[in-house]
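Structure file start33.txt with compact mmCIF, C-alpha atoms:
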# COMPACT_ATOMS: atom_id res chain seq x y z
CA MET A 1 103.78 112.42 117.30
CA HIS A 2 107.25 111.11 116.39
CA ILE A 3 107.34 107.99 114.22
CA THR A 4 110.36 105.74 114.56
CA ARG A 5 111.89 104.16 111.48
CA ARG A 6 111.22 100.68 112.89
CA ASP A 7 107.52 101.38 113.49
CA PHE A 8 107.16 102.89 110.03
CA ILE A 9 108.92 100.06 108.21
CA GLY A 10 107.03 97.42 110.16
CA ALA A 11 103.62 98.94 109.51
CA VAL A 12 104.04 100.20 105.97
CA GLY A 13 106.20 97.38 104.73
CA ALA A 14 103.59 94.95 105.90
CA ALA A 15 101.00 96.98 104.09
CA VAL A 16 102.35 96.42 100.62
CA VAL A 17 101.36 92.95 99.42
CA VAL A 18 98.49 90.68 98.66
CA ALA A 19 98.63 87.08 97.55
CA THR A 20 95.74 85.42 95.78
CA VAL A 21 94.79 82.28 97.65
CA PRO A 22 91.85 79.88 97.60
CA ALA A 23 88.99 80.37 100.03
CA HIS A 24 88.09 77.95 102.85
CA ALA A 25 91.65 76.69 103.23
CA SER A 26 92.79 74.97 106.39
CA LEU A 27 96.15 75.59 108.01
CA LYS A 28 95.97 72.59 110.33
CA GLY A 29 99.47 71.52 111.29
CA ILE A 30 101.21 74.76 110.35
CA THR A 31 103.14 76.09 113.29
CA ASN A 32 105.28 78.94 111.98
CA MET A 33 102.63 81.24 110.51
CA TYR A 34 103.00 84.93 111.34
CA GLY A 35 100.29 87.56 111.54
CA LEU A 36 100.10 91.26 112.20
CA ILE A 37 97.15 93.51 112.95
CA GLY A 38 97.97 97.18 113.19
CA LYS A 39 96.38 100.59 113.26
CA MET A 40 97.88 103.47 111.32
CA LYS A 41 96.85 107.13 111.60
CA ALA A 42 96.99 109.18 108.43
CA ALA A 43 97.60 112.90 108.51
CA PRO A 44 94.24 114.69 108.67
CA GLY A 45 92.40 114.30 105.38
CA GLN A 46 95.06 111.99 103.89
CA ARG A 47 93.56 108.57 104.65
CA ASP A 48 92.37 107.85 101.10
CA ALA A 49 95.70 108.92 99.59
CA LEU A 50 97.61 106.73 102.05
CA ILE A 51 95.33 103.75 101.37
CA SER A 52 95.91 104.20 97.65
CA ILE A 53 99.68 104.06 98.15
CA LEU A 54 99.41 101.01 100.43
CA LEU A 55 97.36 99.12 97.85
CA GLU A 56 99.75 99.72 94.94
CA GLY A 57 102.13 97.00 93.85
CA LEU A 58 100.53 94.22 95.86
CA SER A 59 102.16 91.32 94.07
CA GLY A 60 105.48 89.56 94.15
CA MET A 61 105.70 89.28 97.91
CA PRO A 62 106.93 85.77 98.72
CA GLY A 63 105.20 84.25 101.72
CA CYS A 64 102.33 86.74 101.99
CA LEU A 65 99.09 84.79 102.36
CA SER A 66 96.70 87.63 103.14
CA TYR A 67 96.89 91.41 103.31
CA ILE A 68 93.87 93.59 104.07
CA VAL A 69 93.74 97.38 104.34
CA ALA A 70 90.56 98.67 106.00
CA GLN A 71 89.13 102.03 106.99
CA ASP A 72 88.28 102.49 110.65
CA PRO A 73 84.58 103.45 110.70
CA THR A 74 84.96 105.42 113.93
CA ASP A 75 87.99 107.53 112.98
CA PRO A 76 88.19 109.34 109.60
CA ASP A 77 92.00 109.24 109.65
CA ALA A 78 92.59 105.66 110.85
CA ILE A 79 93.50 102.57 108.84
CA TRP A 80 93.72 98.95 110.02
CA VAL A 81 96.09 96.54 108.29
CA THR A 82 95.60 92.80 108.81
CA GLU A 83 98.07 90.37 107.30
CA ALA A 84 99.13 86.73 107.37
CA TRP A 85 102.51 85.34 106.30
CA ASP A 86 103.89 81.85 105.96
CA SER A 87 106.62 82.87 108.44
CA LYS A 88 108.01 85.82 110.36
CA GLU A 89 111.12 85.57 108.20
CA SER A 90 109.10 86.10 105.00
CA HIS A 91 107.56 89.22 106.49
CA GLN A 92 110.96 90.54 107.56
CA ALA A 93 112.48 89.82 104.13
CA SER A 94 109.67 91.74 102.42
CA LEU A 95 110.78 94.95 104.11
CA SER A 96 113.97 95.07 102.02
CA LEU A 97 112.27 94.64 98.64
CA PRO A 98 112.54 97.68 96.31
CA SER A 99 108.75 97.85 95.88
CA VAL A 100 108.25 98.01 99.65
CA GLN A 101 110.96 100.61 100.05
CA GLN A 102 109.23 102.74 97.40
CA VAL A 103 105.88 102.52 99.23
CA ILE A 104 107.58 103.47 102.49
CA SER A 105 109.16 106.49 100.86
CA ARG A 106 105.89 107.65 99.30
CA GLY A 107 103.70 106.89 102.30
CA ARG A 108 105.86 108.32 105.08
CA PRO A 109 104.76 111.97 104.63
CA LEU A 110 101.08 110.95 104.92
CA ILE A 111 101.42 109.09 108.24
CA ALA A 112 100.68 110.93 111.48
CA GLY A 113 101.34 107.96 113.76
CA PHE A 114 100.60 104.39 114.72
CA GLY A 115 98.10 102.89 117.13
CA GLU A 116 97.73 99.37 118.41
CA ARG A 117 99.91 96.62 116.92
CA PHE A 118 99.36 92.93 117.57
CA GLU A 119 101.44 89.94 116.46
CA THR A 120 99.44 86.75 115.98
CA THR A 121 99.88 83.12 114.95
CA PRO A 122 97.26 82.41 112.27
CA ILE A 123 95.76 78.93 112.39
CA GLY A 124 93.23 78.96 109.56
CA GLY A 125 90.19 80.52 108.00
CA GLN A 126 88.74 81.68 104.75
CA GLY A 127 91.29 83.45 102.57
CA LEU A 128 94.37 81.60 103.80
CA ALA A 129 96.00 78.80 101.86
CA ALA A 130 97.90 75.98 103.49
CA SER A 131 101.60 76.28 102.76
CA GLY A 132 104.13 73.53 102.25
CA ASN A 133 104.59 73.49 106.02
CA ALA A 134 101.42 71.52 106.68
CA ALA A 135 101.91 68.26 108.49

Translate the structure of the given file into structure tokens.
Amino acid sequence: MHITRRDFIGAVGAAVVVATVPAHASLKGITNMYGLIGKMKAAPGQRDALISILLEGLSGMPGCLSYIVAQDPTDPDAIWVTEAWDSKESHQASLSLPSVQQVISRGRPLIAGFGERFETTPIGGQGLAASGNAA
């Protein structure tokens, strides 16, 4: 399967950060939140190595409210990444950070392809903090 640069950067770049936020936060009134849920396929037998790379350097990502890397229990090579950002622009800006570029470079050889990818508009829930955009 051929992986385009755009797909790779979108999936892996998004997979690089975690922000520590209080639980049970409400995002009522926030309208520009941005979320991604995506499936990534590791090369056979490389899922744990890829997860390890994706979880490194998960700080210093402005605007990242939540970032979760999960194993797919039905596919030994699949990974799901779920993330929430204060805006689409923050997510896009993160892709040019040196730390993200390093993860992309290291992770690329371990990726066999990408599955489903969904853009969402987060509204609230446990693990998300309200940003300064709240009304």

Please, which residues in stretch 85-104 of chain A fall within 9 Å of stretch 56-78 of chain A when counting all atoms listed in the file, and what is the closest atom pair and distance in Å to one decimal for each, ordered by chain then residue number, as a tab-separated table?
residue	atom	partner	partner_atom	distance
A:Trp85	CA	A:Cys64	CA	4.5
A:Asp86	CA	A:Gly63	CA	5.0
A:Ser87	CA	A:Gly63	CA	7.0
A:Glu89	CA	A:Gly63	CA	8.9
A:Ser90	CA	A:Gly63	CA	5.4
A:His91	CA	A:Gly63	CA	7.3
A:Ala93	CA	A:Pro62	CA	8.7
A:Ser94	CA	A:Met61	CA	6.5
A:Leu97	CA	A:Met61	CA	8.5
A:Ser99	CA	A:Gly57	CA	7.0
A:Val100	CA	A:Gly57	CA	8.5
A:Val103	CA	A:Glu56	CA	8.0

Would you compute the distance between atom CA of A:Glu119 and atom CA of A:Ala84? Give it in Å to one decimal.
9.9 Å

What does the structure give for the distance between atom CA of A:Met33 and atom CA of A:Ile123, in Å to one decimal?
7.5 Å

Place a sphere of radius 8 Å on (96.1, 104.7, 109.7) in the file coordinates and name every protein, DNA or RNA residue with an atom inside or on its surface, counting all atoms listed in the file; give the answer as a VMD selection string.
chain A and resid 39 to 42 47 71 77 to 80 111 to 115

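Take atom CA of A:Leu36 and atom CA of A:Pro122: the distance between them is 9.3 Å.
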
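Shortest separation to A:Gln46 among A:Glu116, A:Gly124, A:Pro109, A:Ile104 occurs at residue A:Pro109, atoms counted being only C-alpha atoms.
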
Skipping near chain neighbours, those fewer than 4 positions away, what residues fall within 8 Å of A:Thr121 using only C-alpha atoms, listed as a list in words?
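Here the qualifying residues turn out to be Thr31, Asn32, Met33, Tyr34 and Gly35 of chain A.
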
Take the residues that were just selected and, keeping C-alpha atoms, output them as a compact mmCIF listing (two decimals), in the coordinates of the input.
# COMPACT_ATOMS: atom_id res chain seq x y z
CA THR A 31 103.14 76.09 113.29
CA ASN A 32 105.28 78.94 111.98
CA MET A 33 102.63 81.24 110.51
CA TYR A 34 103.00 84.93 111.34
CA GLY A 35 100.29 87.56 111.54

Would you compute an axis-aligned box for stretch 77-87 of chain A, covering every atom listed for it in the file with 5 Å of margin on each side, and report centre and edge lengths in Å to one decimal as lines of an AutoDock Vina configuration file?
center_x = 99.3
center_y = 95.5
center_z = 108.4
size_x = 24.6
size_y = 37.4
size_z = 14.9

Could you add the missing atoms to stretch 99-110 of chain A, up to all heavy atoms, and return them as a JSON list (two decimals), in the frame of the given file?
[["chain", "number", "residue", "atom", "x", "y", "z"],
["A", 99, "SER", "N", 110.13, 97.38, 95.95],
["A", 99, "SER", "CA", 108.75, 97.85, 95.88],
["A", 99, "SER", "C", 108.25, 98.31, 97.25],
["A", 99, "SER", "O", 107.52, 99.30, 97.36],
["A", 99, "SER", "CB", 107.83, 96.76, 95.33],
["A", 99, "SER", "OG", 107.86, 95.60, 96.15],
["A", 100, "VAL", "N", 108.64, 97.63, 98.30],
["A", 100, "VAL", "CA", 108.25, 98.01, 99.65],
["A", 100, "VAL", "C", 108.96, 99.30, 100.05],
["A", 100, "VAL", "O", 108.35, 100.21, 100.62],
["A", 100, "VAL", "CB", 108.55, 96.89, 100.66],
["A", 100, "VAL", "CG1", 108.28, 97.34, 102.09],
["A", 100, "VAL", "CG2", 107.72, 95.66, 100.33],
["A", 101, "GLN", "N", 110.22, 99.40, 99.73],
["A", 101, "GLN", "CA", 110.96, 100.61, 100.05],
["A", 101, "GLN", "C", 110.35, 101.83, 99.35],
["A", 101, "GLN", "O", 110.30, 102.92, 99.93],
["A", 101, "GLN", "CB", 112.44, 100.45, 99.66],
["A", 101, "GLN", "CG", 113.18, 99.45, 100.53],
["A", 101, "GLN", "CD", 113.26, 99.90, 101.97],
["A", 101, "GLN", "OE1", 113.58, 101.05, 102.25],
["A", 101, "GLN", "NE2", 112.97, 99.00, 102.89],
["A", 102, "GLN", "N", 109.87, 101.64, 98.12],
["A", 102, "GLN", "CA", 109.23, 102.74, 97.40],
["A", 102, "GLN", "C", 107.93, 103.17, 98.09],
["A", 102, "GLN", "O", 107.65, 104.35, 98.23],
["A", 102, "GLN", "CB", 108.95, 102.33, 95.96],
["A", 102, "GLN", "CG", 108.33, 103.44, 95.14],
["A", 102, "GLN", "CD", 108.06, 103.04, 93.71],
["A", 102, "GLN", "OE1", 108.05, 101.86, 93.36],
["A", 102, "GLN", "NE2", 107.82, 104.02, 92.87],
["A", 103, "VAL", "N", 107.13, 102.20, 98.52],
["A", 103, "VAL", "CA", 105.88, 102.52, 99.23],
["A", 103, "VAL", "C", 106.19, 103.26, 100.53],
["A", 103, "VAL", "O", 105.51, 104.22, 100.89],
["A", 103, "VAL", "CB", 105.05, 101.24, 99.47],
["A", 103, "VAL", "CG1", 103.95, 101.49, 100.48],
["A", 103, "VAL", "CG2", 104.48, 100.74, 98.16],
["A", 104, "ILE", "N", 107.19, 102.81, 101.24],
["A", 104, "ILE", "CA", 107.58, 103.47, 102.49],
["A", 104, "ILE", "C", 107.94, 104.93, 102.21],
["A", 104, "ILE", "O", 107.48, 105.84, 102.90],
["A", 104, "ILE", "CB", 108.76, 102.73, 103.16],
["A", 104, "ILE", "CG1", 108.29, 101.37, 103.69],
["A", 104, "ILE", "CG2", 109.38, 103.57, 104.27],
["A", 104, "ILE", "CD1", 109.41, 100.45, 104.12],
["A", 105, "SER", "N", 108.74, 105.14, 101.20],
["A", 105, "SER", "CA", 109.16, 106.49, 100.86],
["A", 105, "SER", "C", 107.98, 107.39, 100.49],
["A", 105, "SER", "O", 107.91, 108.54, 100.92],
["A", 105, "SER", "CB", 110.17, 106.41, 99.70],
["A", 105, "SER", "OG", 110.57, 107.69, 99.32],
["A", 106, "ARG", "N", 107.06, 106.86, 99.72],
["A", 106, "ARG", "CA", 105.89, 107.65, 99.30],
["A", 106, "ARG", "C", 104.87, 107.84, 100.42],
["A", 106, "ARG", "O", 104.22, 108.87, 100.50],
["A", 106, "ARG", "CB", 105.24, 106.98, 98.10],
["A", 106, "ARG", "CG", 106.10, 107.08, 96.85],
["A", 106, "ARG", "CD", 105.46, 106.46, 95.64],
["A", 106, "ARG", "NE", 104.19, 107.10, 95.36],
["A", 106, "ARG", "CZ", 103.09, 106.45, 94.98],
["A", 106, "ARG", "NH1", 103.11, 105.14, 94.85],
["A", 106, "ARG", "NH2", 101.98, 107.10, 94.74],
["A", 107, "GLY", "N", 104.71, 106.84, 101.26],
["A", 107, "GLY", "CA", 103.70, 106.89, 102.30],
["A", 107, "GLY", "C", 104.09, 107.66, 103.55],
["A", 107, "GLY", "O", 103.25, 108.24, 104.23],
["A", 108, "ARG", "N", 105.37, 107.70, 103.84],
["A", 108, "ARG", "CA", 105.86, 108.32, 105.08],
["A", 108, "ARG", "C", 105.29, 109.72, 105.34],
["A", 108, "ARG", "O", 104.84, 110.01, 106.45],
["A", 108, "ARG", "CB", 107.37, 108.37, 105.08],
["A", 108, "ARG", "CG", 107.95, 108.94, 106.36],
["A", 108, "ARG", "CD", 109.44, 108.85, 106.36],
["A", 108, "ARG", "NE", 109.77, 107.46, 106.09],
["A", 108, "ARG", "CZ", 110.88, 106.85, 106.43],
["A", 108, "ARG", "NH1", 111.81, 107.52, 107.05],
["A", 108, "ARG", "NH2", 111.10, 105.60, 106.17],
["A", 109, "PRO", "N", 105.26, 110.62, 104.35],
["A", 109, "PRO", "CA", 104.76, 111.97, 104.63],
["A", 109, "PRO", "C", 103.27, 112.02, 104.98],
["A", 109, "PRO", "O", 102.80, 113.01, 105.53],
["A", 109, "PRO", "CB", 105.01, 112.74, 103.33],
["A", 109, "PRO", "CG", 105.99, 111.94, 102.56],
["A", 109, "PRO", "CD", 105.82, 110.52, 102.99],
["A", 110, "LEU", "N", 102.53, 110.97, 104.68],
["A", 110, "LEU", "CA", 101.08, 110.95, 104.92],
["A", 110, "LEU", "C", 100.71, 110.31, 106.25],
["A", 110, "LEU", "O", 99.55, 110.28, 106.62],
["A", 110, "LEU", "CB", 100.36, 110.21, 103.79],
["A", 110, "LEU", "CG", 100.61, 110.75, 102.38],
["A", 110, "LEU", "CD1", 99.83, 109.93, 101.37],
["A", 110, "LEU", "CD2", 100.27, 112.22, 102.28]]
